[in-house]
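> This structure is in structure tokens; I'll ask about it shortly.
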Amino acid sequence: MKISVIGAGNVGGTLGKGFASKGHSVVFGVRDPESDKTRALLKDIGHGARAASVAEAAAGGEVVLLATPWPATREAIQMCGDLRGKVVIDSTNPVKPDLTGLELGHTTSAGEQVAAWAAGARVVKCFNTTGYPNMANPQYGENKATMFYCGDDPAAKKIVAKLAEDIGFETVDAGPLVNARLLESCAMLWIYLAIKQGMGVNFVYKLLKR
Ligand SMILES: NC(=O)c1ccc[n+]([C@@H]2O[C@H](COP(=O)([O-])OP(=O)(O)OC[C@H]3O[C@@H](n4cnc5c(N)ncnc54)[C@H](OP(=O)(O)O)[C@@H]3O)[C@@H](O)[C@H]2O)c1
């Protein structure tokens, strides 16, 4: 698929690399496509990955991954231009700068805000409930980490689930986009355990069934 990755940081860089390695066409939408940082990332990724302006990258993507800091996300969406009909993956977490909690939640979520800002886009919340090192390698012994996703467009959800599976996750449909409120809280718990409680990054959520 043609995937535009908006934000080439920890999450964007890691997922972009994973998608490119599985044969997807990846274009990073960045503020400075010619920067040394961007060049180094593209060299590391290979597989024909490119960088362009945010607007150019977003225009060419069938899928647009938002991987920007929460405070920059509204502006990044505006820079994307018309996102109507596109599958937009929201990986953001509206975490407070001191990591003590979420900027918003319970009555709304970043996922719902993204859907309001990106008019007509088919928004799916995904890739927000674990740290980026686990996006590079979701395999834990014989187990695959669980990646939850939610959204209101069934076809868009299928596309996003397949992308998560391509890079090694087991996926679980967590319902409508309103459940981004729950997934963002799960992310906050992961962040608390990893950073505040000092657990580090080598742990993931795994759904067990019987
Ligand atoms: N880190 C994790 O493990 C993790 C896990 C799950 C979800 N998340 C969420 O994913 C998002 C990204 O996190 P991250 O750790 O990848 O952040 P990061 O490493 O700081 O990368 C953010 C990227 O966004 C770009 N950016 C900033 N403002 C922008 C704008 N207005 N327009 C376009 N691009 C812009 C930055 O570009 P410049 O280099 O030009 O500044 C940078 O490449 C956050 O919302 C975070 O909560 C993070």
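Each chain in the structure tokens gets a letter, A, B, ..., in the order shown, and its residues are numbered from 1; ligands are numbered from 1 in order too.
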Considering only strand (DSSP E or B) as DSSP defines it on the backbone, what residues of segment 25-103 of chain A qualify? List them as an MDAnalysis selection string.
chainID A and resid 25:29 50:52 63:66 87:90 95 102
> Any chance you can output those residues with N, CA, C and O atoms as a compact mmCIF listing (two decimals), in the first residue's frame?

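File produced: again21.txt:
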# COMPACT_ATOMS: atom_id res chain seq x y z
N SER A 25 4.92 0.95 0.10
CA SER A 25 5.57 2.15 -0.42
C SER A 25 5.43 3.26 0.63
O SER A 25 4.31 3.70 0.90
N VAL A 26 6.55 3.65 1.22
CA VAL A 26 6.49 4.58 2.36
C VAL A 26 7.08 5.94 1.99
O VAL A 26 8.19 6.03 1.47
N VAL A 27 6.29 6.98 2.26
CA VAL A 27 6.77 8.35 2.08
C VAL A 27 6.57 9.09 3.41
O VAL A 27 5.45 9.14 3.93
N PHE A 28 7.65 9.62 3.93
CA PHE A 28 7.56 10.39 5.17
C PHE A 28 7.17 11.83 4.85
O PHE A 28 7.77 12.44 3.96
N GLY A 29 6.21 12.34 5.57
CA GLY A 29 5.84 13.74 5.47
C GLY A 29 6.51 14.48 6.62
O GLY A 29 6.17 14.27 7.78
N ARG A 50 10.91 7.31 0.88
CA ARG A 50 11.21 8.69 0.47
C ARG A 50 10.71 9.67 1.51
O ARG A 50 9.93 9.30 2.39
N ALA A 51 11.12 10.91 1.36
CA ALA A 51 10.59 11.98 2.22
C ALA A 51 10.10 13.12 1.34
O ALA A 51 10.65 13.36 0.26
N ALA A 52 9.07 13.78 1.80
CA ALA A 52 8.48 14.91 1.06
C ALA A 52 7.90 15.87 2.08
O ALA A 52 7.95 15.61 3.30
N VAL A 63 -2.99 5.40 2.85
CA VAL A 63 -3.04 5.36 4.31
C VAL A 63 -2.12 6.46 4.83
O VAL A 63 -1.00 6.62 4.33
N VAL A 64 -2.60 7.24 5.78
CA VAL A 64 -1.79 8.31 6.38
C VAL A 64 -1.64 8.02 7.87
O VAL A 64 -2.64 7.96 8.59
N LEU A 65 -0.42 7.79 8.29
CA LEU A 65 -0.14 7.53 9.71
C LEU A 65 0.26 8.83 10.38
O LEU A 65 1.24 9.47 9.98
N LEU A 66 -0.48 9.21 11.42
CA LEU A 66 -0.12 10.40 12.20
C LEU A 66 0.76 9.95 13.36
O LEU A 66 0.32 9.19 14.22
N VAL A 87 -7.54 6.47 4.71
CA VAL A 87 -7.43 5.79 6.00
C VAL A 87 -6.38 6.55 6.81
O VAL A 87 -5.23 6.67 6.38
N VAL A 88 -6.77 7.11 7.93
CA VAL A 88 -5.84 7.85 8.79
C VAL A 88 -5.65 7.06 10.08
O VAL A 88 -6.61 6.79 10.80
N ILE A 89 -4.41 6.68 10.31
CA ILE A 89 -4.10 5.96 11.55
C ILE A 89 -3.63 6.98 12.57
O ILE A 89 -2.66 7.71 12.33
N ASP A 90 -4.29 7.02 13.70
CA ASP A 90 -3.89 7.93 14.77
C ASP A 90 -3.11 7.14 15.82
O ASP A 90 -3.69 6.33 16.55
N VAL A 95 -0.55 12.88 26.04
CA VAL A 95 0.07 12.75 27.36
C VAL A 95 0.53 14.12 27.85
O VAL A 95 1.10 14.91 27.08
N LEU A 102 -3.26 12.05 31.12
CA LEU A 102 -3.65 12.47 29.77
C LEU A 102 -4.23 13.88 29.80
O LEU A 102 -4.91 14.25 30.76
> With only C-alpha atoms as the counted atoms, please give the residues lying no more than 10 Å from segment 149-157 of chain A, apart from itself and same-chain residues fewer than 2 positions off, as number ranges by chain.
A: 63, 85-91, 111-112, 115, 121-129, 146-147, 159-164, 171-180, 182-183
> Can I get the selected residues back with C-alpha atoms, as a PDB file, in the first residue's frame?

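Written output follows (out-v3.pdb):
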ATOM      1  CA  VAL A  63      -3.039   5.361   4.311  1.00  0.00           C
ATOM      2  CA  GLY A  85     -11.653   9.147   2.099  1.00  0.00           C
ATOM      3  CA  LYS A  86      -8.154   8.290   3.274  1.00  0.00           C
ATOM      4  CA  VAL A  87      -7.426   5.790   6.005  1.00  0.00           C
ATOM      5  CA  VAL A  88      -5.842   7.852   8.788  1.00  0.00           C
ATOM      6  CA  ILE A  89      -4.098   5.960  11.553  1.00  0.00           C
ATOM      7  CA  ASP A  90      -3.888   7.932  14.774  1.00  0.00           C
ATOM      8  CA  SER A  91      -0.975   6.701  16.890  1.00  0.00           C
ATOM      9  CA  GLY A 111      -8.678   9.704  18.292  1.00  0.00           C
ATOM     10  CA  GLU A 112     -12.010  11.516  18.287  1.00  0.00           C
ATOM     11  CA  ALA A 115     -11.493  12.553  13.388  1.00  0.00           C
ATOM     12  CA  ALA A 121     -11.053  10.755   6.931  1.00  0.00           C
ATOM     13  CA  ARG A 122     -11.523   7.113   7.937  1.00  0.00           C
ATOM     14  CA  VAL A 123      -9.759   7.319  11.286  1.00  0.00           C
ATOM     15  CA  VAL A 124      -8.449   4.237  13.054  1.00  0.00           C
ATOM     16  CA  LYS A 125      -6.721   4.425  16.412  1.00  0.00           C
ATOM     17  CA  CYS A 126      -3.778   2.026  16.475  1.00  0.00           C
ATOM     18  CA  PHE A 127      -0.119   1.684  17.461  1.00  0.00           C
ATOM     19  CA  ASN A 128      -0.555   3.820  20.582  1.00  0.00           C
ATOM     20  CA  THR A 129      -0.564   1.172  23.326  1.00  0.00           C
ATOM     21  CA  THR A 146      -1.358  -7.710  21.031  1.00  0.00           C
ATOM     22  CA  MET A 147      -2.130  -4.518  19.134  1.00  0.00           C
ATOM     23  CA  ILE A 159      -6.548  -2.382   6.338  1.00  0.00           C
ATOM     24  CA  VAL A 160      -4.931  -1.159   9.546  1.00  0.00           C
ATOM     25  CA  ALA A 161      -5.148  -4.570  11.221  1.00  0.00           C
ATOM     26  CA  LYS A 162      -3.387  -6.110   8.226  1.00  0.00           C
ATOM     27  CA  LEU A 163      -0.611  -3.513   8.461  1.00  0.00           C
ATOM     28  CA  ALA A 164      -0.136  -4.292  12.160  1.00  0.00           C
ATOM     29  CA  THR A 171      -4.487  -7.696  16.439  1.00  0.00           C
ATOM     30  CA  VAL A 172      -7.673  -7.213  18.418  1.00  0.00           C
ATOM     31  CA  ASP A 173     -10.605  -5.112  17.213  1.00  0.00           C
ATOM     32  CA  ALA A 174     -11.469  -2.889  20.182  1.00  0.00           C
ATOM     33  CA  GLY A 175     -14.687  -1.495  18.738  1.00  0.00           C
ATOM     34  CA  PRO A 176     -15.740   1.986  17.623  1.00  0.00           C
ATOM     35  CA  LEU A 177     -13.563   5.091  17.613  1.00  0.00           C
ATOM     36  CA  VAL A 178     -15.076   6.253  20.896  1.00  0.00           C
ATOM     37  CA  ASN A 179     -13.027   3.460  22.472  1.00  0.00           C
ATOM     38  CA  ALA A 180      -9.891   5.459  21.714  1.00  0.00           C
ATOM     39  CA  LEU A 182      -9.897   3.304  26.527  1.00  0.00           C
ATOM     40  CA  LEU A 183      -6.866   2.680  24.325  1.00  0.00           C
TER      41      LEU A 183
END
> Go through A:Thr68, A:Thr130, A:Thr92, A:Asn10 one by one, measure the shortest atom-to-atom distance of each to Ala187 of chain A using only C-alpha atoms, and give the residue with the smallest value.
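Of A:Thr68, A:Thr130, A:Thr92, A:Asn10, the one nearest Ala187 of chain A, counting only C-alpha atoms, is A:Thr130.
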> Can you check which parts of chain A lie within 9 Å of ligand 1? Per residue, the shortest pair of atoms and distance in Å to one decimal, counting only C-alpha atoms and all ligand atoms, sorted by chain and number, as a tab-separated table.

residue	atom	partner	partner_atom_place_in_ligand_line	distance
A:Ile6	CA	ligand 1	34 (N)	5.9
A:Gly7	CA	ligand 1	24 (O)	3.7
A:Ala8	CA	ligand 1	43 (O)	3.8
A:Gly9	CA	ligand 1	21 (O)	3.3
A:Asn10	CA	ligand 1	16 (O)	3.6
A:Val11	CA	ligand 1	16 (O)	3.7
A:Gly12	CA	ligand 1	16 (O)	5.6
A:Gly13	CA	ligand 1	16 (O)	7.3
A:Thr14	CA	ligand 1	16 (O)	8.3
A:Gly29	CA	ligand 1	33 (C)	6.9
A:Val30	CA	ligand 1	34 (N)	5.3
A:Arg31	CA	ligand 1	40 (O)	5.3
A:Asp32	CA	ligand 1	40 (O)	6.5
A:Ser35	CA	ligand 1	40 (O)	8.8
A:Lys37	CA	ligand 1	39 (O)	7.7
A:Thr38	CA	ligand 1	39 (O)	8.2
A:Ser53	CA	ligand 1	33 (C)	8.8
A:Val54	CA	ligand 1	33 (C)	6.4
A:Leu66	CA	ligand 1	11 (C)	7.4
A:Ala67	CA	ligand 1	12 (C)	4.3
A:Thr68	CA	ligand 1	24 (O)	3.8
A:Pro69	CA	ligand 1	45 (O)	3.8
A:Trp70	CA	ligand 1	45 (O)	4.5
A:Pro71	CA	ligand 1	28 (N)	7.9
A:Ala72	CA	ligand 1	31 (N)	4.5
A:Thr73	CA	ligand 1	31 (N)	6.3
A:Arg74	CA	ligand 1	31 (N)	7.7
A:Glu75	CA	ligand 1	31 (N)	5.2
A:Ala76	CA	ligand 1	32 (N)	4.1
A:Ile77	CA	ligand 1	32 (N)	7.8
A:Gln78	CA	ligand 1	32 (N)	8.9
A:Met79	CA	ligand 1	32 (N)	7.0
A:Cys80	CA	ligand 1	32 (N)	8.8
A:Asp90	CA	ligand 1	10 (O)	8.3
A:Ser91	CA	ligand 1	10 (O)	5.2
A:Thr92	CA	ligand 1	45 (O)	3.3
A:Asn93	CA	ligand 1	47 (O)	3.8
A:Pro94	CA	ligand 1	47 (O)	6.1
A:Val95	CA	ligand 1	47 (O)	6.2
A:Cys126	CA	ligand 1	7 (C)	8.7
A:Phe127	CA	ligand 1	6 (C)	5.9
A:Asn128	CA	ligand 1	6 (C)	3.9
A:Thr129	CA	ligand 1	6 (C)	5.8
A:Thr130	CA	ligand 1	5 (C)	5.3
A:Gly131	CA	ligand 1	3 (O)	3.3
A:Tyr132	CA	ligand 1	3 (O)	3.9
A:Pro133	CA	ligand 1	3 (O)	6.8
A:Asn134	CA	ligand 1	3 (O)	8.2
A:Met135	CA	ligand 1	3 (O)	8.4
A:Ala187	CA	ligand 1	6 (C)	7.2
A:Ile191	CA	ligand 1	3 (O)	8.5
A:Val201	CA	ligand 1	3 (O)	8.4
> Pull N, CA and C atoms from the residues just selected and write them as a short mmCIF file (atom, residue, chain, number, x, y, z; two decimals), in the first residue's frame.

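Writing done, so here's out.cif:
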data_model
loop_
_atom_site.label_atom_id
_atom_site.label_comp_id
_atom_site.auth_asym_id
_atom_site.auth_seq_id
_atom_site.Cartn_x
_atom_site.Cartn_y
_atom_site.Cartn_z
N ILE A 6 3.40 10.71 8.74
CA ILE A 6 3.57 12.11 9.11
C ILE A 6 4.27 12.17 10.47
N GLY A 7 5.52 12.61 10.43
CA GLY A 7 6.36 12.59 11.63
C GLY A 7 7.33 11.43 11.54
N ALA A 8 8.62 11.75 11.46
CA ALA A 8 9.62 10.70 11.26
C ALA A 8 10.46 10.54 12.53
N GLY A 9 9.78 10.50 13.67
CA GLY A 9 10.48 10.33 14.94
C GLY A 9 10.51 8.87 15.36
N ASN A 10 10.39 8.65 16.66
CA ASN A 10 10.48 7.28 17.19
C ASN A 10 9.43 6.36 16.56
N VAL A 11 8.18 6.78 16.64
CA VAL A 11 7.08 5.93 16.15
C VAL A 11 7.04 5.92 14.62
N GLY A 12 7.06 7.11 14.01
CA GLY A 12 6.98 7.18 12.55
C GLY A 12 8.15 6.45 11.91
N GLY A 13 9.35 6.70 12.42
CA GLY A 13 10.53 6.06 11.85
C GLY A 13 10.48 4.54 11.98
N THR A 14 10.05 4.08 13.15
CA THR A 14 10.01 2.62 13.39
C THR A 14 8.94 1.95 12.54
N GLY A 29 6.21 12.34 5.57
CA GLY A 29 5.84 13.74 5.47
C GLY A 29 6.51 14.48 6.62
N VAL A 30 7.51 15.29 6.26
CA VAL A 30 8.31 15.96 7.30
C VAL A 30 8.43 17.44 6.99
N ARG A 31 8.83 18.19 8.02
CA ARG A 31 8.93 19.63 7.82
C ARG A 31 10.17 19.97 6.99
N ASP A 32 11.23 19.15 7.11
CA ASP A 32 12.44 19.39 6.32
C ASP A 32 12.92 18.09 5.68
N SER A 35 16.76 17.35 5.61
CA SER A 35 17.59 17.42 6.81
C SER A 35 18.49 16.18 6.92
N LYS A 37 18.93 14.42 9.49
CA LYS A 37 18.20 13.39 10.24
C LYS A 37 17.32 12.56 9.30
N THR A 38 16.64 13.25 8.40
CA THR A 38 15.75 12.56 7.46
C THR A 38 16.57 11.70 6.50
N SER A 53 7.34 16.95 1.58
CA SER A 53 6.63 17.85 2.50
C SER A 53 5.42 17.09 3.06
N VAL A 54 4.90 17.59 4.15
CA VAL A 54 3.73 16.93 4.76
C VAL A 54 2.58 16.89 3.76
N LEU A 66 -0.48 9.21 11.42
CA LEU A 66 -0.12 10.40 12.20
C LEU A 66 0.76 9.95 13.36
N ALA A 67 2.00 10.43 13.36
CA ALA A 67 2.96 10.04 14.41
C ALA A 67 3.66 11.29 14.92
N THR A 68 2.86 12.26 15.27
CA THR A 68 3.37 13.55 15.75
C THR A 68 3.08 13.70 17.24
N PRO A 69 3.86 14.54 17.92
CA PRO A 69 3.52 14.84 19.31
C PRO A 69 2.10 15.41 19.37
N TRP A 70 1.36 15.08 20.41
CA TRP A 70 -0.03 15.53 20.47
C TRP A 70 -0.19 17.04 20.25
N PRO A 71 0.64 17.89 20.88
CA PRO A 71 0.42 19.33 20.69
C PRO A 71 0.62 19.78 19.25
N ALA A 72 1.32 18.99 18.43
CA ALA A 72 1.57 19.38 17.03
C ALA A 72 0.58 18.73 16.07
N THR A 73 -0.31 17.90 16.57
CA THR A 73 -1.11 17.06 15.69
C THR A 73 -2.15 17.84 14.89
N ARG A 74 -2.77 18.81 15.53
CA ARG A 74 -3.78 19.59 14.79
C ARG A 74 -3.13 20.32 13.62
N GLU A 75 -1.96 20.93 13.90
CA GLU A 75 -1.25 21.65 12.83
C GLU A 75 -0.81 20.68 11.73
N ALA A 76 -0.33 19.50 12.14
CA ALA A 76 0.11 18.51 11.14
C ALA A 76 -1.06 18.09 10.25
N ILE A 77 -2.23 17.92 10.83
CA ILE A 77 -3.41 17.55 10.05
C ILE A 77 -3.76 18.67 9.07
N GLN A 78 -3.66 19.90 9.53
CA GLN A 78 -3.94 21.03 8.64
C GLN A 78 -2.96 21.05 7.48
N MET A 79 -1.68 20.74 7.79
CA MET A 79 -0.65 20.72 6.73
C MET A 79 -0.92 19.59 5.73
N CYS A 80 -1.58 18.54 6.17
CA CYS A 80 -1.87 17.41 5.27
C CYS A 80 -2.83 17.81 4.15
N ASP A 90 -4.29 7.02 13.70
CA ASP A 90 -3.89 7.93 14.77
C ASP A 90 -3.11 7.14 15.82
N SER A 91 -1.81 7.41 15.90
CA SER A 91 -0.97 6.70 16.89
C SER A 91 -0.66 7.60 18.09
N THR A 92 -1.27 8.78 18.12
CA THR A 92 -0.86 9.76 19.14
C THR A 92 -1.43 9.43 20.52
N ASN A 93 -0.76 9.93 21.52
CA ASN A 93 -1.29 9.90 22.88
C ASN A 93 -1.22 11.30 23.46
N PRO A 94 -2.34 11.81 23.98
CA PRO A 94 -2.35 13.18 24.50
C PRO A 94 -1.81 13.24 25.92
N VAL A 95 -0.55 12.88 26.04
CA VAL A 95 0.07 12.75 27.36
C VAL A 95 0.53 14.12 27.85
N CYS A 126 -4.61 3.25 16.42
CA CYS A 126 -3.78 2.03 16.47
C CYS A 126 -2.34 2.44 16.80
N PHE A 127 -1.55 1.50 17.20
CA PHE A 127 -0.12 1.68 17.46
C PHE A 127 0.16 2.67 18.60
N ASN A 128 -0.80 2.86 19.50
CA ASN A 128 -0.55 3.82 20.58
C ASN A 128 -0.33 3.14 21.93
N THR A 129 -0.55 1.81 21.99
CA THR A 129 -0.56 1.17 23.33
C THR A 129 0.72 0.44 23.68
N THR A 130 1.78 0.70 22.94
CA THR A 130 3.07 0.14 23.35
C THR A 130 4.17 1.09 22.92
N GLY A 131 5.36 0.90 23.46
CA GLY A 131 6.48 1.76 23.11
C GLY A 131 7.06 1.38 21.76
N TYR A 132 7.72 2.34 21.14
CA TYR A 132 8.19 2.10 19.76
C TYR A 132 9.18 0.93 19.64
N PRO A 133 9.99 0.61 20.68
CA PRO A 133 10.88 -0.55 20.48
C PRO A 133 10.07 -1.84 20.24
N ASN A 134 8.87 -1.91 20.81
CA ASN A 134 8.03 -3.09 20.58
C ASN A 134 7.39 -3.07 19.19
N MET A 135 7.33 -1.90 18.58
CA MET A 135 6.83 -1.83 17.19
C MET A 135 7.91 -2.36 16.24
N ALA A 187 -2.55 3.17 27.07
CA ALA A 187 -1.23 3.72 26.76
C ALA A 187 -0.65 4.42 27.99
N ILE A 191 2.86 3.69 29.84
CA ILE A 191 3.86 4.73 30.08
C ILE A 191 4.20 4.81 31.57
N VAL A 201 11.15 -0.80 28.71
CA VAL A 201 10.25 -0.86 27.55
C VAL A 201 9.97 -2.28 27.06
#
> Apply DSSP to the structure's backbone, then extract all residues of segment 24-184 of chain A labelled alpha helix (DSSP H) and return them as a PyMOL selection string.
chain A and resi 36-45+54-60+70-80+110-117+132-136+154-166+180-184
> From the set A:Gly23, A:Leu15, A:Arg181, A:Ala57, which residue has the shortest atom-to-atom contact distance to His106 of chain A, counting only C-alpha atoms?
A:Arg181
> Leaving out Pro138 of chain A and any residue of its chain fewer than 2 positions from it, which residues lie within 8 Å of it when counting only C-alpha atoms, given as a PyMOL selection string?
chain A and resi 134-136+140+144-145+167-169
> Write the residues of the preceding selection, restricted to N, CA, C and O atoms, as a PDB file, in the first residue's frame.

ATOM      1  N   ASN A 134       8.871  -1.908  20.815  1.00  0.00           N
ATOM      2  CA  ASN A 134       8.031  -3.092  20.580  1.00  0.00           C
ATOM      3  C   ASN A 134       7.389  -3.070  19.191  1.00  0.00           C
ATOM      4  O   ASN A 134       6.940  -4.120  18.713  1.00  0.00           O
ATOM      5  N   MET A 135       7.334  -1.903  18.578  1.00  0.00           N
ATOM      6  CA  MET A 135       6.835  -1.835  17.194  1.00  0.00           C
ATOM      7  C   MET A 135       7.906  -2.364  16.241  1.00  0.00           C
ATOM      8  O   MET A 135       7.600  -2.863  15.167  1.00  0.00           O
ATOM      9  N   ALA A 136       9.176  -2.229  16.657  1.00  0.00           N
ATOM     10  CA  ALA A 136      10.261  -2.786  15.843  1.00  0.00           C
ATOM     11  C   ALA A 136      10.305  -4.303  15.994  1.00  0.00           C
ATOM     12  O   ALA A 136      10.638  -5.016  15.054  1.00  0.00           O
ATOM     13  N   TYR A 140       7.594 -11.905  21.494  1.00  0.00           N
ATOM     14  CA  TYR A 140       8.062 -12.236  22.850  1.00  0.00           C
ATOM     15  C   TYR A 140       8.084 -13.759  22.963  1.00  0.00           C
ATOM     16  O   TYR A 140       7.046 -14.383  23.187  1.00  0.00           O
ATOM     17  N   LYS A 144       3.142 -13.285  20.152  1.00  0.00           N
ATOM     18  CA  LYS A 144       3.123 -11.978  19.500  1.00  0.00           C
ATOM     19  C   LYS A 144       2.432 -10.989  20.433  1.00  0.00           C
ATOM     20  O   LYS A 144       1.394 -11.332  21.020  1.00  0.00           O
ATOM     21  N   ALA A 145       2.969  -9.788  20.529  1.00  0.00           N
ATOM     22  CA  ALA A 145       2.284  -8.748  21.296  1.00  0.00           C
ATOM     23  C   ALA A 145       0.920  -8.471  20.678  1.00  0.00           C
ATOM     24  O   ALA A 145       0.748  -8.581  19.462  1.00  0.00           O
ATOM     25  N   ILE A 167       3.679  -6.366  10.357  1.00  0.00           N
ATOM     26  CA  ILE A 167       4.921  -6.103  11.098  1.00  0.00           C
ATOM     27  C   ILE A 167       5.002  -6.927  12.385  1.00  0.00           C
ATOM     28  O   ILE A 167       5.855  -6.670  13.230  1.00  0.00           O
ATOM     29  N   GLY A 168       4.124  -7.927  12.524  1.00  0.00           N
ATOM     30  CA  GLY A 168       4.331  -8.937  13.560  1.00  0.00           C
ATOM     31  C   GLY A 168       3.414  -8.919  14.761  1.00  0.00           C
ATOM     32  O   GLY A 168       3.608  -9.714  15.687  1.00  0.00           O
ATOM     33  N   PHE A 169       2.406  -8.048  14.761  1.00  0.00           N
ATOM     34  CA  PHE A 169       1.477  -8.022  15.895  1.00  0.00           C
ATOM     35  C   PHE A 169       0.331  -9.001  15.687  1.00  0.00           C
ATOM     36  O   PHE A 169      -0.072  -9.273  14.543  1.00  0.00           O
TER      37      PHE A 169
END
> By how many Å are atom CA of Ala58 of chain A and atom CA of Trp117 of chain A apart?
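A separation of 14.7 Å between them.
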